[in-house]
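Read through the structure below, which is laid out as structure tokens, and then see the notes.
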Amino acid sequence: MIGNVPIPLADQSLDTMLMRQVFSTVIASTIIAISFTASAAAETHVIVQEGFAFVPSSLTVAPGDTIIWQRTNGAHTVTSGTNCTPGAYDGLTINSGLNSVTPTVEVELPSDLAEGTLGYFCNIASHCESFGMQASLTIVAPAPCIGDLNGDGVVNGADLGLMLGAWGPCGKTACIADLNGDGQVNGADLGLLLGGWGVCP
Ligand SMILES: [Ca+2]
Ligand SMILES: [Ca+2]
Ligand SMILES: [Cu+2]
């Protein structure tokens, strides 16, 4: 019976199938991880126009976040600038009506937007000058979370698995597990990952 070849052959092909399955799972996870890394940290914030005010009037956000302004009533604008004067912030200009035709203004902040204070106001008549209809966004870049390869806010076994799956020289595709950017996924990167183990700061 042991000399009967079909059994080992069947086992071998099963092993091969399993290996292929594991391999494609690793590839799929890596692709998912790349797309998650790009967007996982981004949040959406809603600011509501109430009378001659934007609520909340100050809000801390991160580059890459999406800001949504919602109208309650009247005709207003969302216009970047300070002291009721239109202007750009780090190359970003916002200027949109916030009225019955455009009751919602949505802006995705550039992922490389500089840290600082992005002022904006309503540029209708004297809403800003007379009624103080101005507000601001405080732009603060989040602390990097080295080793969080899948972008879920924690460095754990899932990230370790991704790193081990990408072990060795980087290919032509994105090499997200190459934490120190030297073109190799090896012990140096593993050390960085383990050093950041746990919940992201
Ligand atoms: Ca993670
Ligand atoms: Ca490396
Ligand atoms: Cu207004």
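The way I read the labels, and the way they are meant: chains A, B, ... in the order of the structure tokens, residue 1 as the first residue of every chain, and ligand 1 as the first ligand shown, with later ones counted on from there.
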
For the interface of chain A with ligand 1 (cut-off 10 Å, counting only C-alpha atoms and all ligand atoms), please tabulate each contacting residue of chain A alongside its nearest pair of atoms and their separation in Å to one decimal, rows sorted by chain and increasing number, as a Markdown table.
```
| residue | atom | partner | partner_atom_place_in_ligand_line | distance |
| --- | --- | --- | --- | --- |
| A:Ala33 | CA | ligand 1 | 1 (Ca) | 8.9 |
| A:Phe36 | CA | ligand 1 | 1 (Ca) | 10.0 |
| A:Thr37 | CA | ligand 1 | 1 (Ca) | 9.3 |
| A:Cys145 | CA | ligand 1 | 1 (Ca) | 9.1 |
| A:Ile146 | CA | ligand 1 | 1 (Ca) | 9.6 |
| A:Gly147 | CA | ligand 1 | 1 (Ca) | 7.2 |
| A:Asp148 | CA | ligand 1 | 1 (Ca) | 4.0 |
| A:Leu149 | CA | ligand 1 | 1 (Ca) | 5.4 |
| A:Asn150 | CA | ligand 1 | 1 (Ca) | 4.7 |
| A:Gly151 | CA | ligand 1 | 1 (Ca) | 5.2 |
| A:Asp152 | CA | ligand 1 | 1 (Ca) | 4.7 |
| A:Gly153 | CA | ligand 1 | 1 (Ca) | 5.7 |
| A:Val154 | CA | ligand 1 | 1 (Ca) | 4.5 |
| A:Val155 | CA | ligand 1 | 1 (Ca) | 4.4 |
| A:Asn156 | CA | ligand 1 | 1 (Ca) | 5.8 |
| A:Gly157 | CA | ligand 1 | 1 (Ca) | 7.9 |
| A:Ala158 | CA | ligand 1 | 1 (Ca) | 6.1 |
| A:Asp159 | CA | ligand 1 | 1 (Ca) | 5.1 |
| A:Leu160 | CA | ligand 1 | 1 (Ca) | 8.5 |
| A:Leu162 | CA | ligand 1 | 1 (Ca) | 9.4 |
| A:Trp197 | CA | ligand 1 | 1 (Ca) | 9.3 |
| A:Gly198 | CA | ligand 1 | 1 (Ca) | 8.8 |
| A:Val199 | CA | ligand 1 | 1 (Ca) | 8.6 |
| A:Cys200 | CA | ligand 1 | 1 (Ca) | 8.7 |
```

Atoms kept (N, CA and C atoms) for selection, written as an mmCIF file, in the first residue's frame:
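To be explicit, this is the file written out as out_30.cif:
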```
data_model
loop_
_atom_site.group_PDB
_atom_site.id
_atom_site.type_symbol
_atom_site.label_atom_id
_atom_site.label_comp_id
_atom_site.auth_asym_id
_atom_site.auth_seq_id
_atom_site.Cartn_x
_atom_site.Cartn_y
_atom_site.Cartn_z
ATOM 1 N N ALA A 33 -3.702 45.985 2.089
ATOM 2 C CA ALA A 33 -2.943 46.785 3.051
ATOM 3 C C ALA A 33 -2.487 48.094 2.426
ATOM 4 N N PHE A 36 -5.381 50.439 2.200
ATOM 5 C CA PHE A 36 -5.794 50.891 3.531
ATOM 6 C C PHE A 36 -4.800 51.892 4.095
ATOM 7 N N THR A 37 -3.513 51.647 3.853
ATOM 8 C CA THR A 37 -2.493 52.536 4.396
ATOM 9 C C THR A 37 -2.685 53.953 3.866
ATOM 10 N N CYS A 145 2.826 55.997 12.475
ATOM 11 C CA CYS A 145 2.749 54.749 13.227
ATOM 12 C C CYS A 145 3.554 53.707 12.453
ATOM 13 N N ILE A 146 4.852 53.693 12.744
ATOM 14 C CA ILE A 146 5.749 52.796 12.009
ATOM 15 C C ILE A 146 5.414 51.344 12.338
ATOM 16 N N GLY A 147 5.221 50.561 11.310
ATOM 17 C CA GLY A 147 4.942 49.143 11.503
ATOM 18 C C GLY A 147 3.476 48.790 11.340
ATOM 19 N N ASP A 148 2.612 49.796 11.308
ATOM 20 C CA ASP A 148 1.187 49.513 11.095
ATOM 21 C C ASP A 148 0.943 49.368 9.596
ATOM 22 N N LEU A 149 1.319 48.211 9.070
ATOM 23 C CA LEU A 149 1.308 48.023 7.615
ATOM 24 C C LEU A 149 -0.102 48.001 7.044
ATOM 25 N N ASN A 150 -1.065 47.522 7.807
ATOM 26 C CA ASN A 150 -2.434 47.458 7.261
ATOM 27 C C ASN A 150 -3.291 48.650 7.691
ATOM 28 N N GLY A 151 -2.651 49.613 8.391
ATOM 29 C CA GLY A 151 -3.336 50.875 8.689
ATOM 30 C C GLY A 151 -4.561 50.757 9.574
ATOM 31 N N ASP A 152 -4.579 49.776 10.495
ATOM 32 C CA ASP A 152 -5.757 49.629 11.362
ATOM 33 C C ASP A 152 -5.526 50.230 12.747
ATOM 34 N N GLY A 153 -4.434 50.982 12.908
ATOM 35 C CA GLY A 153 -4.223 51.697 14.168
ATOM 36 C C GLY A 153 -3.518 50.891 15.247
ATOM 37 N N VAL A 154 -3.080 49.685 14.920
ATOM 38 C CA VAL A 154 -2.370 48.875 15.898
ATOM 39 C C VAL A 154 -1.291 48.079 15.167
ATOM 40 N N VAL A 155 -0.150 47.915 15.812
ATOM 41 C CA VAL A 155 0.909 47.074 15.251
ATOM 42 C C VAL A 155 0.828 45.734 15.960
ATOM 43 N N ASN A 156 0.462 44.710 15.197
ATOM 44 C CA ASN A 156 0.292 43.394 15.815
ATOM 45 C C ASN A 156 0.622 42.274 14.820
ATOM 46 N N GLY A 157 0.150 41.093 15.130
ATOM 47 C CA GLY A 157 0.465 39.913 14.324
ATOM 48 C C GLY A 157 0.074 40.030 12.863
ATOM 49 N N ALA A 158 -0.983 40.781 12.594
ATOM 50 C CA ALA A 158 -1.412 40.943 11.204
ATOM 51 C C ALA A 158 -0.329 41.665 10.400
ATOM 52 N N ASP A 159 0.265 42.687 11.021
ATOM 53 C CA ASP A 159 1.334 43.432 10.348
ATOM 54 C C ASP A 159 2.591 42.579 10.229
ATOM 55 N N LEU A 160 2.847 41.822 11.290
ATOM 56 C CA LEU A 160 4.003 40.922 11.268
ATOM 57 C C LEU A 160 3.855 39.915 10.124
ATOM 58 N N LEU A 162 2.218 40.302 7.345
ATOM 59 C CA LEU A 162 2.445 40.998 6.075
ATOM 60 C C LEU A 162 3.942 41.166 5.826
ATOM 61 N N TRP A 197 5.403 47.944 18.471
ATOM 62 C CA TRP A 197 4.346 46.968 18.773
ATOM 63 C C TRP A 197 3.273 47.565 19.682
ATOM 64 N N GLY A 198 2.022 47.317 19.346
ATOM 65 C CA GLY A 198 0.910 47.778 20.179
ATOM 66 C C GLY A 198 0.094 48.849 19.503
ATOM 67 N N VAL A 199 -0.731 49.504 20.284
ATOM 68 C CA VAL A 199 -1.622 50.531 19.758
ATOM 69 C C VAL A 199 -0.819 51.745 19.300
ATOM 70 N N CYS A 200 -1.182 52.289 18.147
ATOM 71 C CA CYS A 200 -0.474 53.453 17.596
ATOM 72 C C CYS A 200 -0.621 54.666 18.529
#
```

Using only C-alpha atoms and all ligand atoms, what are the residues with an atom within 9 Å of ligand 3, set out as a ChimeraX atom specification?
-> /A:49,51-53,74-78,98,121-128,131,133-134

For the selection you just gave me, I'd like the residues written to a file as a compact mmCIF listing (two decimals), in the first residue's frame, keeping N, CA and C atoms.
```txt
# COMPACT_ATOMS: atom_id res chain seq x y z
N GLN A 49 -23.40 75.19 9.32
CA GLN A 49 -23.70 76.63 9.35
C GLN A 49 -24.95 76.84 10.19
N GLY A 51 -26.99 80.11 11.57
CA GLY A 51 -27.07 81.57 11.56
C GLY A 51 -25.82 82.14 10.91
N PHE A 52 -25.14 83.03 11.64
CA PHE A 52 -23.90 83.60 11.11
C PHE A 52 -22.68 82.94 11.73
N ALA A 53 -22.77 81.65 11.94
CA ALA A 53 -21.64 80.94 12.55
C ALA A 53 -21.41 79.60 11.86
N GLY A 74 -30.33 80.31 4.80
CA GLY A 74 -29.70 81.50 4.24
C GLY A 74 -28.73 81.18 3.11
N ALA A 75 -28.08 82.25 2.64
CA ALA A 75 -27.10 82.11 1.58
C ALA A 75 -25.74 82.55 2.11
N HIS A 76 -24.78 81.66 2.02
CA HIS A 76 -23.44 81.91 2.56
C HIS A 76 -22.39 81.38 1.59
N THR A 77 -21.14 81.51 2.00
CA THR A 77 -20.06 80.86 1.24
C THR A 77 -19.10 80.23 2.24
N VAL A 78 -18.30 79.34 1.73
CA VAL A 78 -17.13 78.84 2.46
C VAL A 78 -15.94 79.31 1.66
N LEU A 98 -22.58 78.34 -0.17
CA LEU A 98 -23.23 77.41 0.76
C LEU A 98 -24.66 77.93 0.88
N PHE A 121 -14.11 81.86 5.93
CA PHE A 121 -15.19 82.75 6.36
C PHE A 121 -16.31 82.73 5.32
N CYS A 122 -17.39 83.46 5.63
CA CYS A 122 -18.48 83.63 4.68
C CYS A 122 -18.28 84.96 3.97
N ASN A 123 -18.27 84.89 2.66
CA ASN A 123 -17.96 86.08 1.86
C ASN A 123 -19.22 86.75 1.30
N ILE A 124 -20.35 86.59 1.98
CA ILE A 124 -21.59 87.22 1.55
C ILE A 124 -21.77 88.54 2.32
N ALA A 125 -21.98 89.63 1.57
CA ALA A 125 -22.24 90.95 2.16
C ALA A 125 -21.34 91.19 3.37
N SER A 126 -21.92 91.48 4.53
CA SER A 126 -21.09 91.79 5.71
C SER A 126 -21.17 90.67 6.74
N HIS A 127 -21.46 89.46 6.28
CA HIS A 127 -21.57 88.35 7.24
C HIS A 127 -20.31 88.18 8.07
N CYS A 128 -19.17 88.37 7.43
CA CYS A 128 -17.92 88.22 8.18
C CYS A 128 -17.60 89.48 8.97
N PHE A 131 -20.88 90.31 11.37
CA PHE A 131 -21.42 89.25 12.23
C PHE A 131 -20.38 88.19 12.63
N MET A 133 -18.73 86.01 10.87
CA MET A 133 -18.92 84.67 10.34
C MET A 133 -17.61 84.13 9.75
N GLN A 134 -16.71 83.76 10.67
CA GLN A 134 -15.44 83.19 10.25
C GLN A 134 -15.04 82.10 11.24
```

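The protein and nucleic acid residues lying at most 8 Å from Cys170 (chain A) are Asp178, Gly183, Gln184 and Val185 of chain A, with only C-alpha atoms considered and sequence neighbours fewer than 6 positions away removed.
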
Proximity of chain A to ligand 2: per-residue shortest pair, 10 Å limit, only C-alpha atoms and all ligand atoms, as a Markdown table:
```
| residue | atom | partner | partner_atom_place_in_ligand_line | distance |
| --- | --- | --- | --- | --- |
| A:Trp167 | CA | ligand 2 | 1 (Ca) | 9.5 |
| A:Gly168 | CA | ligand 2 | 1 (Ca) | 8.8 |
| A:Pro169 | CA | ligand 2 | 1 (Ca) | 8.5 |
| A:Cys170 | CA | ligand 2 | 1 (Ca) | 8.6 |
| A:Cys175 | CA | ligand 2 | 1 (Ca) | 9.0 |
| A:Ile176 | CA | ligand 2 | 1 (Ca) | 9.5 |
| A:Ala177 | CA | ligand 2 | 1 (Ca) | 7.4 |
| A:Asp178 | CA | ligand 2 | 1 (Ca) | 4.1 |
| A:Leu179 | CA | ligand 2 | 1 (Ca) | 5.4 |
| A:Asn180 | CA | ligand 2 | 1 (Ca) | 4.7 |
| A:Gly181 | CA | ligand 2 | 1 (Ca) | 5.2 |
| A:Asp182 | CA | ligand 2 | 1 (Ca) | 4.6 |
| A:Gly183 | CA | ligand 2 | 1 (Ca) | 5.6 |
| A:Gln184 | CA | ligand 2 | 1 (Ca) | 4.3 |
| A:Val185 | CA | ligand 2 | 1 (Ca) | 4.5 |
| A:Asn186 | CA | ligand 2 | 1 (Ca) | 5.8 |
| A:Gly187 | CA | ligand 2 | 1 (Ca) | 7.9 |
| A:Ala188 | CA | ligand 2 | 1 (Ca) | 6.1 |
| A:Asp189 | CA | ligand 2 | 1 (Ca) | 5.0 |
| A:Leu190 | CA | ligand 2 | 1 (Ca) | 8.5 |
| A:Leu192 | CA | ligand 2 | 1 (Ca) | 9.4 |
```

Got a sec: who's within 7 Å of region 111-117 of chain A, counting only C-alpha atoms, leaving out chain neighbours fewer than 4 positions off, as a VMD selection string?
-> chain A and resid 63 to 64 90 136 to 141

Atom-to-atom span, CA of Gly81 (chain A) and CA of Pro103 (chain A), Å | 20.6 Å

Which residues, written as a short mmCIF file (atom, residue, chain, number, x, y, z; two decimals) with N, CA and C atoms, in the first residue's frame, have at least one atom at most 10 Å from Gln70 (chain A), with only C-alpha atoms counted and residues fewer than 2 positions away on the same chain left out?
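Output below, filename out26.cif:
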```cif
data_model
loop_
_atom_site.label_atom_id
_atom_site.label_comp_id
_atom_site.auth_asym_id
_atom_site.auth_seq_id
_atom_site.Cartn_x
_atom_site.Cartn_y
_atom_site.Cartn_z
N VAL A 46 -17.71 67.13 9.94
CA VAL A 46 -18.87 67.91 9.48
C VAL A 46 -18.94 69.22 10.26
N ILE A 47 -19.06 70.32 9.53
CA ILE A 47 -19.20 71.65 10.12
C ILE A 47 -20.55 72.19 9.66
N VAL A 48 -21.34 72.66 10.61
CA VAL A 48 -22.70 73.09 10.28
C VAL A 48 -22.80 74.61 10.34
N GLN A 49 -23.40 75.19 9.32
CA GLN A 49 -23.70 76.63 9.35
C GLN A 49 -24.95 76.84 10.19
N GLU A 50 -24.81 77.64 11.23
CA GLU A 50 -25.96 77.97 12.08
C GLU A 50 -26.01 79.48 12.18
N PHE A 54 -20.15 79.20 11.90
CA PHE A 54 -19.80 77.84 11.51
C PHE A 54 -19.56 77.08 12.82
N VAL A 55 -20.22 75.95 12.96
CA VAL A 55 -20.12 75.18 14.21
C VAL A 55 -19.57 73.78 13.93
N ILE A 67 -13.51 67.48 4.77
CA ILE A 67 -14.33 68.43 5.53
C ILE A 67 -15.64 68.63 4.78
N ILE A 68 -16.74 68.51 5.48
CA ILE A 68 -18.05 68.74 4.88
C ILE A 68 -18.73 69.88 5.62
N THR A 72 -27.64 75.31 6.97
CA THR A 72 -28.92 75.19 7.69
C THR A 72 -29.95 76.12 7.05
N ASN A 73 -29.53 77.37 6.80
CA ASN A 73 -30.44 78.32 6.15
C ASN A 73 -29.65 79.49 5.57
N LEU A 98 -22.58 78.34 -0.17
CA LEU A 98 -23.23 77.41 0.76
C LEU A 98 -24.66 77.93 0.88
N ASN A 99 -25.51 77.45 -0.02
CA ASN A 99 -26.85 78.04 -0.15
C ASN A 99 -27.85 76.97 -0.59
N THR A 102 -26.40 74.93 -3.36
CA THR A 102 -25.26 74.12 -2.92
C THR A 102 -25.30 74.01 -1.40
N PRO A 103 -26.14 73.13 -0.87
CA PRO A 103 -26.30 73.05 0.58
C PRO A 103 -25.16 72.32 1.29
N THR A 104 -24.31 71.70 0.51
CA THR A 104 -23.19 70.96 1.11
C THR A 104 -21.92 71.26 0.33
N VAL A 105 -20.87 71.57 1.04
CA VAL A 105 -19.57 71.77 0.41
C VAL A 105 -18.63 70.73 0.99
N GLU A 106 -18.01 69.97 0.10
CA GLU A 106 -17.11 68.91 0.56
C GLU A 106 -15.71 69.16 0.01
#
```

So how many Å separate CA of Pro110 (chain A) and CA of Glu129 (chain A), to one decimal?
-> 28.9 Å
